[in-house]
file model_23.txt (compact mmCIF, C-alpha atoms)
# COMPACT_ATOMS: atom_id res chain seq x y z
CA MET A 784 -2.01 11.73 -50.20
CA ALA A 785 -1.15 10.26 -53.52
CA LEU A 786 -0.76 6.94 -55.25
CA PRO A 787 0.47 4.15 -52.98
CA ASN A 788 4.23 4.13 -53.46
CA LYS A 789 4.99 0.58 -52.33
CA VAL A 790 4.84 -2.93 -53.68
CA LEU A 791 1.38 -4.05 -52.59
CA PRO A 792 0.29 -7.48 -51.38
CA GLY A 793 -2.50 -9.09 -53.41
CA PHE A 794 -4.63 -8.85 -50.28
CA SER A 795 -4.63 -5.05 -50.65
CA ALA A 796 -7.31 -5.14 -53.34
CA VAL A 797 -11.07 -4.91 -52.77
CA LEU A 798 -14.00 -4.99 -55.24
CA TYR A 799 -17.01 -2.72 -54.75
CA ALA A 800 -20.29 -2.52 -56.68
CA GLN A 801 -22.54 0.52 -56.92
CA PRO A 802 -25.64 -0.15 -54.75
CA THR A 803 -29.37 -0.44 -55.54
CA ALA A 804 -31.25 -2.46 -58.15
CA SER A 805 -31.33 0.30 -60.79
CA PRO A 806 -28.12 2.31 -60.44
CA THR A 807 -27.07 5.28 -62.53
CA PRO A 808 -23.52 4.43 -63.60
CA LEU A 809 -20.84 7.10 -63.53
CA THR A 810 -20.02 8.96 -66.71
CA THR A 811 -16.71 8.25 -68.42
CA ALA A 812 -15.27 11.47 -66.97
CA GLN A 813 -16.48 10.63 -63.46
CA LEU A 814 -14.77 7.22 -63.60
CA SER A 815 -11.43 9.07 -63.33
CA LEU A 816 -12.58 11.44 -60.58
CA VAL A 817 -11.82 10.37 -57.03
CA ALA A 818 -14.72 12.47 -55.74
CA SER A 819 -17.14 10.35 -57.79
CA VAL A 820 -15.43 6.99 -57.36
CA SER A 821 -14.57 6.98 -53.65
CA PRO A 822 -18.22 7.18 -52.42
CA ILE A 823 -18.77 3.78 -54.08
CA ALA A 824 -15.73 2.32 -52.31
CA VAL A 825 -17.39 1.93 -48.91
CA SER A 826 -17.77 -1.19 -46.78
CA GLY A 827 -21.48 -1.67 -47.52
CA ASN A 828 -20.71 -2.07 -51.23
CA ILE A 829 -18.03 -4.74 -50.90
CA ILE A 830 -18.50 -7.86 -52.99
CA PRO A 831 -17.07 -10.71 -50.89
CA VAL A 832 -14.75 -12.08 -53.58
CA GLU A 833 -12.07 -14.64 -52.83
CA ALA A 834 -9.44 -12.85 -54.90
CA ILE A 835 -9.51 -9.98 -57.34
CA PRO A 836 -8.92 -11.35 -60.85
CA ALA A 837 -6.70 -9.55 -63.33
CA PHE A 838 -8.06 -6.12 -64.12
CA GLY A 839 -7.05 -3.47 -66.62
CA GLN A 840 -7.13 -3.72 -70.36
CA ASP A 841 -7.15 -6.55 -72.85
CA ASP A 842 -4.52 -6.98 -75.48
CA ALA A 843 -5.65 -5.59 -78.81
CA VAL A 844 -3.63 -5.61 -82.00
CA ALA A 845 -4.36 -5.82 -85.66
CA SER A 846 -1.85 -8.16 -87.30
CA PHE A 847 -0.86 -7.73 -90.88
CA GLY A 848 1.16 -10.05 -93.02
CA VAL A 849 1.70 -9.07 -96.62
CA ALA A 850 2.85 -11.75 -99.00
CA GLY A 851 6.34 -11.03 -100.25
CA SER A 852 7.19 -8.48 -97.54
CA ARG A 853 10.02 -9.32 -95.17
CA GLN A 854 8.25 -8.70 -91.82
CA SER A 855 4.71 -8.77 -90.60
CA ASP A 856 3.51 -5.98 -88.32
CA LYS A 857 1.47 -5.85 -85.13
CA ILE A 858 -0.46 -2.61 -84.95
CA PRO A 859 -1.80 -1.75 -81.47
CA VAL A 860 -5.41 -0.64 -81.44
CA GLN A 861 -7.61 0.68 -78.61
CA ALA A 862 -7.93 -2.10 -76.06
CA ALA A 863 -11.15 -2.92 -74.24
CA PRO A 864 -11.26 -3.17 -70.44
CA THR A 865 -10.77 -6.74 -69.27
CA SER A 866 -13.73 -8.92 -68.37
CA MET A 867 -13.46 -10.11 -64.78
CA THR A 868 -14.56 -13.56 -63.71
CA ILE A 869 -15.31 -13.36 -60.01
CA THR A 870 -15.45 -16.18 -57.48
CA ALA A 871 -17.11 -15.52 -54.14
CA ALA A 872 -18.03 -17.79 -51.25
CA TRP A 873 -21.79 -18.19 -51.64
CA ASN A 874 -24.08 -16.79 -49.00
CA PRO A 875 -27.54 -16.88 -50.62
CA ALA A 876 -28.67 -13.86 -48.57
CA ASP A 877 -25.67 -11.63 -49.24
CA THR A 878 -27.06 -8.29 -50.42
CA ASN A 879 -24.41 -7.58 -53.02
CA LEU A 880 -24.37 -11.12 -54.43
CA LEU A 881 -28.15 -10.82 -54.81
CA LEU A 882 -27.56 -7.61 -56.79
CA MET A 883 -25.20 -9.54 -59.07
CA ARG A 884 -27.77 -12.31 -59.46
CA ALA A 885 -30.44 -9.78 -60.43
CA ASP A 886 -28.05 -8.02 -62.85
CA ALA A 887 -27.30 -11.33 -64.53
CA ALA A 888 -31.02 -12.09 -64.78
CA SER A 889 -31.65 -8.72 -66.39
CA GLY A 890 -28.62 -8.61 -68.65
CA VAL A 891 -29.00 -4.89 -69.42
CA ILE A 892 -28.20 -3.19 -66.10
CA ASP A 893 -25.11 -0.98 -66.32
CA ARG A 894 -23.41 -0.62 -62.96
CA THR A 895 -20.20 1.03 -61.83
CA PHE A 896 -17.65 -1.29 -60.22
CA VAL A 897 -14.56 -0.12 -58.35
CA VAL A 898 -11.37 -1.97 -57.50
CA SER A 899 -9.30 -0.29 -54.79
CA ALA A 900 -5.82 -1.13 -53.59
CA THR A 901 -4.14 0.49 -50.62
CA ASP A 902 -0.93 0.59 -48.60
CA GLY A 903 -2.96 1.61 -45.55
CA THR A 904 -2.97 5.35 -46.27
CA ASN A 905 -2.92 5.98 -49.98
CA ILE A 906 -5.47 4.33 -52.26
CA VAL A 907 -5.54 3.73 -56.00
CA TYR A 908 -8.93 3.18 -57.64
CA TYR A 909 -9.81 1.47 -60.92
CA ALA A 910 -13.44 2.14 -61.84
CA PHE A 911 -15.44 0.82 -64.77
CA ASN A 912 -19.01 0.32 -65.90
CA GLY A 913 -20.10 -3.20 -66.65
CA ARG A 914 -22.84 -5.76 -66.92
CA VAL A 915 -22.97 -9.11 -65.18
CA GLY A 916 -23.36 -12.46 -66.86
CA GLN A 917 -22.79 -16.15 -66.29
CA PHE A 918 -23.96 -16.16 -62.68
CA GLN A 919 -23.43 -19.71 -61.47
CA ILE A 920 -23.31 -21.60 -58.20
CA ASP A 921 -20.70 -24.31 -57.88
CA SER A 922 -21.54 -26.51 -54.93
CA ALA A 923 -18.83 -29.12 -55.33
CA PRO A 924 -18.27 -30.92 -52.01
CA GLY A 925 -14.95 -30.50 -50.23
CA ALA A 926 -15.25 -26.74 -49.77
CA GLU A 927 -17.89 -24.08 -49.39
CA ALA A 928 -20.28 -23.48 -52.28
CA LYS A 929 -18.89 -20.92 -54.72
CA CYS A 930 -20.72 -18.22 -56.59
CA THR A 931 -19.06 -17.27 -59.87
CA PHE A 932 -20.02 -14.59 -62.33
CA THR A 933 -18.38 -12.50 -65.03
CA ILE A 934 -18.44 -8.72 -65.27
CA HIS A 935 -18.16 -7.51 -68.86
CA PRO A 936 -17.06 -3.86 -68.95
CA ARG A 937 -18.57 -1.46 -71.45
CA GLY A 938 -16.08 -0.24 -74.04
CA ASN A 939 -13.96 2.77 -73.03
CA GLN A 940 -15.90 3.28 -69.80
CA TYR A 941 -13.14 3.00 -67.23
CA GLY A 942 -10.74 5.26 -65.36
CA TRP A 943 -7.99 5.43 -62.76
CA SER A 944 -7.83 7.77 -59.79
CA ASN A 945 -6.30 8.01 -56.32
CA ASN A 946 -7.23 9.58 -53.02
CA ALA A 947 -5.91 13.10 -52.64
CA MET B 595 11.09 -1.49 -56.26
CA ALA B 596 10.63 -2.35 -52.60
CA THR B 597 12.11 -1.26 -49.30
CA GLN B 598 13.86 -3.92 -47.24
CA LEU B 599 11.80 -4.15 -44.07
CA ASN B 600 13.35 -4.40 -40.62
CA PRO B 601 12.76 -7.51 -38.46
CA VAL B 602 13.32 -5.46 -35.29
CA VAL B 603 10.18 -3.55 -36.18
CA TYR B 604 8.32 -6.84 -36.75
CA GLY B 605 9.34 -8.10 -33.32
CA LYS B 606 8.16 -5.00 -31.51
CA ALA B 607 4.87 -5.00 -33.39
CA ILE B 608 4.17 -8.68 -32.69
CA GLN B 609 4.98 -8.26 -28.99
CA TYR B 610 2.72 -5.19 -28.73
CA GLN B 611 -0.16 -6.73 -30.67
CA LEU B 612 -0.21 -10.02 -28.78
CA THR B 613 0.07 -8.22 -25.45
CA SER B 614 -2.89 -6.01 -26.29
CA ILE B 615 -4.99 -9.02 -27.36
CA VAL B 616 -4.39 -11.32 -24.37
CA ALA B 617 -3.69 -8.86 -21.52
CA PRO B 618 -3.23 -9.45 -18.61
CA VAL B 619 -1.70 -12.77 -19.69
CA PRO B 620 2.09 -12.25 -20.06
CA VAL B 621 3.68 -12.45 -23.51
CA TYR B 622 7.31 -13.44 -24.08
CA ALA B 623 9.45 -13.48 -27.19
CA ALA B 624 10.95 -16.88 -26.39
CA PHE B 625 10.38 -19.76 -24.04
CA ASN B 626 12.16 -20.02 -20.70
CA ARG B 627 11.37 -22.82 -18.29
CA ASN B 628 11.35 -20.37 -15.39
CA PHE B 629 8.12 -18.92 -16.73
CA ALA B 630 6.47 -22.29 -16.46
CA THR B 631 5.50 -21.53 -12.86
CA GLN B 632 2.97 -19.05 -14.15
CA PRO B 633 -0.55 -20.46 -14.67
CA LYS B 634 -0.92 -18.84 -18.12
CA PHE B 635 1.49 -17.26 -20.55
CA ILE B 636 2.21 -17.13 -24.26
CA THR B 637 5.40 -17.00 -26.30
CA TRP B 638 6.04 -16.21 -29.93
CA MET B 639 8.75 -17.00 -32.48
CA LEU B 640 9.22 -15.25 -35.81
CA ARG B 641 10.32 -17.18 -38.90
CA ASP B 642 10.34 -17.07 -42.71
CA VAL B 643 11.18 -13.38 -43.01
CA HIS B 644 11.78 -13.17 -46.71
CA GLN B 645 11.12 -10.73 -49.52
CA PRO B 646 11.54 -12.41 -52.89
CA VAL B 647 14.35 -10.88 -54.92
CA TYR B 648 13.94 -10.27 -58.60
CA THR B 649 16.31 -10.07 -61.50
CA GLY B 650 19.03 -7.49 -62.18
CA GLN B 651 21.69 -5.62 -60.22
CA GLN B 652 19.38 -3.20 -58.41
CA GLN B 653 19.11 -4.34 -54.79
CA SER B 654 15.65 -2.88 -54.29
CA ASN B 655 14.04 -4.97 -57.04
CA LYS B 656 12.17 -7.25 -54.66
CA GLY B 657 8.67 -8.09 -53.50
CA ILE B 658 6.65 -8.06 -50.31
CA ASP B 659 7.41 -9.87 -47.07
CA ARG B 660 5.12 -12.65 -45.79
CA PRO B 661 6.71 -13.70 -42.50
CA THR B 662 5.10 -16.13 -40.07
CA PHE B 663 5.19 -16.04 -36.29
CA GLN B 664 4.27 -19.02 -34.22
CA ILE B 665 2.27 -18.37 -31.07
CA SER B 666 2.59 -20.92 -28.28
CA ILE B 667 0.02 -20.76 -25.50
CA PHE B 668 0.84 -22.40 -22.17
CA THR B 669 -1.81 -22.85 -19.51
CA GLN B 670 -2.36 -25.07 -16.48
CA GLN B 671 -6.02 -25.49 -17.45
CA ILE B 672 -6.65 -26.84 -20.95
CA GLU B 673 -9.78 -24.71 -21.34
CA ASP B 674 -7.82 -21.53 -20.58
CA GLY B 675 -5.53 -22.27 -23.51
CA PHE B 676 -8.46 -22.74 -25.85
CA THR B 677 -10.02 -19.52 -24.58
CA ILE B 678 -6.82 -17.55 -25.21
CA SER B 679 -6.50 -19.14 -28.66
CA ASN B 680 -10.02 -17.94 -29.42
CA GLN B 681 -9.12 -14.39 -28.33
CA ILE B 682 -6.22 -14.45 -30.78
CA LEU B 683 -8.33 -15.91 -33.61
CA GLN B 684 -11.10 -13.36 -33.13
CA ALA B 685 -8.64 -10.47 -33.07
CA LEU B 686 -6.07 -11.47 -35.68
CA HIS B 687 -7.50 -13.90 -38.25
CA GLY B 688 -8.29 -11.89 -41.40
CA TYR B 689 -7.19 -8.66 -39.71
CA SER B 690 -6.09 -5.80 -41.98
CA GLY B 691 -4.72 -2.66 -40.39
CA ILE B 692 -1.95 -1.43 -38.10
CA LEU B 693 0.06 -4.22 -36.44
CA GLY B 694 1.78 -2.97 -33.32
CA SER B 695 1.76 0.35 -31.52
CA PRO B 696 0.48 3.54 -33.20
CA THR B 697 4.02 4.95 -33.16
CA GLU B 698 6.16 1.92 -34.05
CA GLY B 699 3.64 -0.33 -35.76
CA PHE B 700 3.06 -0.77 -39.48
CA TRP B 701 0.15 -1.51 -41.80
CA ILE B 702 -0.48 -5.10 -42.88
CA ALA B 703 -2.76 -6.10 -45.74
CA LYS B 704 -3.85 -9.32 -44.01
CA ALA B 705 -3.12 -11.56 -41.06
CA ASP B 706 -3.85 -15.25 -41.57
CA VAL B 707 -3.95 -17.41 -38.45
CA MET B 708 -3.73 -21.20 -38.62
CA TRP B 709 -4.64 -23.02 -35.41
CA LEU B 710 -2.13 -25.88 -35.59
CA TYR B 711 -2.77 -28.25 -32.68
CA ASN B 712 -3.02 -28.53 -28.94
CA SER B 713 -0.93 -30.70 -26.68
CA TYR B 714 0.01 -31.37 -23.04
CA ASN B 715 3.41 -31.42 -21.39
CA ASN B 716 3.27 -33.83 -18.48
CA GLU B 717 6.64 -32.77 -17.00
CA GLU B 718 5.61 -29.16 -16.65
CA LYS B 719 1.94 -29.95 -16.14
CA MET B 720 1.02 -27.43 -18.78
CA ALA B 721 -1.42 -27.60 -21.64
CA GLN B 722 -0.27 -26.05 -24.90
CA VAL B 723 -1.88 -24.64 -28.03
CA PHE B 724 0.14 -23.69 -31.11
CA LEU B 725 -0.92 -21.24 -33.79
CA ASP B 726 0.82 -19.88 -36.88
CA CYS B 727 0.14 -16.34 -38.05
CA THR B 728 1.26 -15.17 -41.50
CA ILE B 729 1.23 -11.46 -42.29
CA ASP B 730 1.35 -9.67 -45.66
CA ILE B 731 3.31 -6.42 -45.50
CA PRO B 732 3.52 -3.84 -48.30
CA ALA B 733 7.14 -2.94 -48.97

call {"tool": "encode", "arguments": {"input": "model_23.txt", "output": "structure tokens"}}
result
Amino acid sequence: MALPNKVLPGFSAVLYAQPTASPTPLTTAQLSLVASVSPIAVSGNIIPVEAIPAFGQDDAVASFGVAGSRQSDKIPVQAAPTSMTITAAWNPADTNLLLMRADAASGVIDRTFVVSATDGTNIVYYAFNGRVGQFQIDSAPGAEAKCTFTIHPRGNQYGWSNNA
Amino acid sequence: MATQLNPVVYGKAIQYQLTSIVAPVPVYAAFNRNFATQPKFITWMLRDVHQPVYTGQQQSNKGIDRPTFQISIFTQQIEDGFTISNQILQALHGYSGILGSPTEGFWIAKADVMWLYNSYNNEEKMAQVFLDCTIDIPA
């Protein structure tokens, strides 16, 4: 098997969080190894998000404009992994949402997160280490109560892999 | 770049999937009044087969298909119709996996069932329940 070779529906994506209250996050090298990443991508680790927000890397450029020169220049620099703001339907007893709540309370727990996307056979994984912040409950009437939080990835600690 | 999917394959998969969910209740691809003598049956109709096309001259530059099929449940007893509609909801709503037979089916990312309304046809003395099911198919 290889990378999914199809245009994928948005519904193909799933977010997983490494389990337990004090996890040992994967090393940078392991984040690109399917053998290390795929054990996290199991049903017990699913965070019940409504939709996977944009993931990947932020834009990062240094812009220079020199007085008197004809053109400015945008110089690409190393881009950080994108912070992900997650919205999940709130079940106060959900094991993985409780992990996120505890991470946000701590503020210093590094955890490996995995986003998978599949065409049914082949799977692509995006894995990164991050910390959770801004854990909030939005209980506006008219829909179910929402739990929102933001995962801030650690710099350079991400990787791509696929099932083989 | 996306493959153009084949509606014949959709039709076979829908027929197979609905039959396996509601068996032994018969499933038909369109309504015929002759069937109305049966105490319970369901029919389906496929619509909105469409992959968005994107810019340029390359025909395969298009997106995924999200077709909808309407499921119409006909029963002499109103409760039977609600029971069959529940079987379909439990099996299909939120389903992700193979739609159709193992040999001719295909993988769908999600099935989304909307229970539209129920009704009663006094001429045929049949209760009816209508559901819409939208499926997301990688292409």

call {"tool": "interface_residues", "arguments": {"input": "model_23.txt", "of": "chain B", "to": "chain A", "cutoff": "6 Å", "atoms": "all atoms listed in the file", "output": "compact mmCIF listing (two decimals) with C-alpha atoms, keeping the file's coordinate frame"}}
result
# COMPACT_ATOMS: atom_id res chain seq x y z
CA ALA B 596 10.63 -2.35 -52.60
CA TRP B 701 0.15 -1.51 -41.80
CA ALA B 703 -2.76 -6.10 -45.74
CA PRO B 732 3.52 -3.84 -48.30
CA ALA B 733 7.14 -2.94 -48.97

call {"tool": "atom_distance", "arguments": {"input": "model_23.txt", "atom1": "atom CA of A:Pro875", "atom2": "atom CA of B:His687"}}
result
23.7 Å

call {"tool": "atom_distance", "arguments": {"input": "model_23.txt", "atom1": "atom CA of B:Thr637", "atom2": "atom CA of B:Gly691"}}
result
22.5 Å

call {"tool": "residues_around", "arguments": {"input": "model_23.txt", "residues": "A:Ile823", "least_positions_apart": "2", "cutoff": "9 Å", "atoms": "only C-alpha atoms", "output": "PDB file with C-alpha atoms, in the frame of the given file"}}
result
ATOM      1  CA  TYR A 799     -17.010  -2.720 -54.750  1.00  0.00           C
ATOM      2  CA  ALA A 800     -20.290  -2.520 -56.680  1.00  0.00           C
ATOM      3  CA  GLN A 801     -22.540   0.520 -56.920  1.00  0.00           C
ATOM      4  CA  PRO A 802     -25.640  -0.150 -54.750  1.00  0.00           C
ATOM      5  CA  SER A 819     -17.140  10.350 -57.790  1.00  0.00           C
ATOM      6  CA  VAL A 820     -15.430   6.990 -57.360  1.00  0.00           C
ATOM      7  CA  SER A 821     -14.570   6.980 -53.650  1.00  0.00           C
ATOM      8  CA  VAL A 825     -17.390   1.930 -48.910  1.00  0.00           C
ATOM      9  CA  SER A 826     -17.770  -1.190 -46.780  1.00  0.00           C
ATOM     10  CA  GLY A 827     -21.480  -1.670 -47.520  1.00  0.00           C
ATOM     11  CA  ASN A 828     -20.710  -2.070 -51.230  1.00  0.00           C
ATOM     12  CA  THR A 895     -20.200   1.030 -61.830  1.00  0.00           C
ATOM     13  CA  PHE A 896     -17.650  -1.290 -60.220  1.00  0.00           C
ATOM     14  CA  VAL A 897     -14.560  -0.120 -58.350  1.00  0.00           C
TER      15      VAL A 897
END

call {"tool": "residues_around", "arguments": {"input": "model_23.txt", "residues": "B:Gly688", "least_positions_apart": "4", "cutoff": "12 Å", "atoms": "all atoms listed in the file", "output": "JSON, numbers by chain"}}
result
{"A": [794], "B": [682, 683, 684, 702, 703, 704, 705, 706, 707, 708, 727, 728, 729, 730]}

call {"tool": "atom_distance", "arguments": {"input": "model_23.txt", "atom1": "atom CA of A:Ala876", "atom2": "atom CA of A:Pro808"}}
result
24.2 Å

call {"tool": "residues_around", "arguments": {"input": "model_23.txt", "residues": "B:Tyr711", "least_positions_apart": "4", "cutoff": "10 Å", "atoms": "all atoms listed in the file", "output": "list of chain:residue names"}}
result
B:Gln722, B:Val723, B:Phe724, B:Leu725

call {"tool": "closest_residue", "arguments": {"input": "model_23.txt", "among": "B:Val643, B:Arg660, B:Ser654, B:Ser614", "to": "B:Val602", "atoms": "all atoms listed in the file"}}
result
B:Val643

call {"tool": "residues_around", "arguments": {"input": "model_23.txt", "residues": "B:Tyr622", "least_positions_apart": "4", "cutoff": "8 Å", "atoms": "all atoms listed in the file", "output": "MDAnalysis selection string"}}
result
chainID B and resid 609 635:638

call {"tool": "build_atoms", "arguments": {"input": "model_23.txt", "residues": "stretch 619-632 of chain B", "atoms": "N, CA and C atoms", "output": "PDB file, in the coordinates of the input"}}
result
ATOM      1  N   VAL B 619      -2.572 -11.603 -19.570  1.00  0.00           N
ATOM      2  CA  VAL B 619      -1.700 -12.770 -19.690  1.00  0.00           C
ATOM      3  C   VAL B 619      -0.339 -12.306 -20.233  1.00  0.00           C
ATOM      4  N   PRO B 620       0.779 -12.714 -19.584  1.00  0.00           N
ATOM      5  CA  PRO B 620       2.090 -12.250 -20.060  1.00  0.00           C
ATOM      6  C   PRO B 620       2.473 -12.839 -21.414  1.00  0.00           C
ATOM      7  N   VAL B 621       3.213 -12.046 -22.183  1.00  0.00           N
ATOM      8  CA  VAL B 621       3.680 -12.450 -23.510  1.00  0.00           C
ATOM      9  C   VAL B 621       5.202 -12.361 -23.540  1.00  0.00           C
ATOM     10  N   TYR B 622       5.852 -13.422 -24.018  1.00  0.00           N
ATOM     11  CA  TYR B 622       7.310 -13.440 -24.080  1.00  0.00           C
ATOM     12  C   TYR B 622       7.770 -13.783 -25.482  1.00  0.00           C
ATOM     13  N   ALA B 623       8.947 -13.280 -25.835  1.00  0.00           N
ATOM     14  CA  ALA B 623       9.450 -13.480 -27.190  1.00  0.00           C
ATOM     15  C   ALA B 623      10.120 -14.834 -27.364  1.00  0.00           C
ATOM     16  N   ALA B 624      10.368 -15.551 -26.273  1.00  0.00           N
ATOM     17  CA  ALA B 624      10.950 -16.880 -26.390  1.00  0.00           C
ATOM     18  C   ALA B 624      10.625 -17.642 -25.117  1.00  0.00           C
ATOM     19  N   PHE B 625      10.790 -18.955 -25.185  1.00  0.00           N
ATOM     20  CA  PHE B 625      10.380 -19.760 -24.040  1.00  0.00           C
ATOM     21  C   PHE B 625      11.525 -19.921 -23.046  1.00  0.00           C
ATOM     22  N   ASN B 626      11.201 -19.786 -21.773  1.00  0.00           N
ATOM     23  CA  ASN B 626      12.160 -20.020 -20.700  1.00  0.00           C
ATOM     24  C   ASN B 626      11.434 -20.840 -19.635  1.00  0.00           C
ATOM     25  N   ARG B 627      12.050 -21.922 -19.223  1.00  0.00           N
ATOM     26  CA  ARG B 627      11.370 -22.820 -18.290  1.00  0.00           C
ATOM     27  C   ARG B 627      10.963 -22.124 -16.995  1.00  0.00           C
ATOM     28  N   ASN B 628      11.694 -21.065 -16.633  1.00  0.00           N
ATOM     29  CA  ASN B 628      11.350 -20.370 -15.390  1.00  0.00           C
ATOM     30  C   ASN B 628       9.938 -19.800 -15.428  1.00  0.00           C
ATOM     31  N   PHE B 629       9.461 -19.495 -16.624  1.00  0.00           N
ATOM     32  CA  PHE B 629       8.120 -18.920 -16.730  1.00  0.00           C
ATOM     33  C   PHE B 629       7.049 -19.969 -16.478  1.00  0.00           C
ATOM     34  N   ALA B 630       7.454 -21.226 -16.526  1.00  0.00           N
ATOM     35  CA  ALA B 630       6.470 -22.290 -16.460  1.00  0.00           C
ATOM     36  C   ALA B 630       5.771 -22.362 -15.107  1.00  0.00           C
ATOM     37  N   THR B 631       6.215 -21.570 -14.132  1.00  0.00           N
ATOM     38  CA  THR B 631       5.500 -21.530 -12.860  1.00  0.00           C
ATOM     39  C   THR B 631       4.238 -20.690 -12.963  1.00  0.00           C
ATOM     40  N   GLN B 632       4.155 -19.875 -13.996  1.00  0.00           N
ATOM     41  CA  GLN B 632       2.970 -19.050 -14.150  1.00  0.00           C
ATOM     42  C   GLN B 632       1.819 -19.893 -14.683  1.00  0.00           C
TER      43      GLN B 632
END
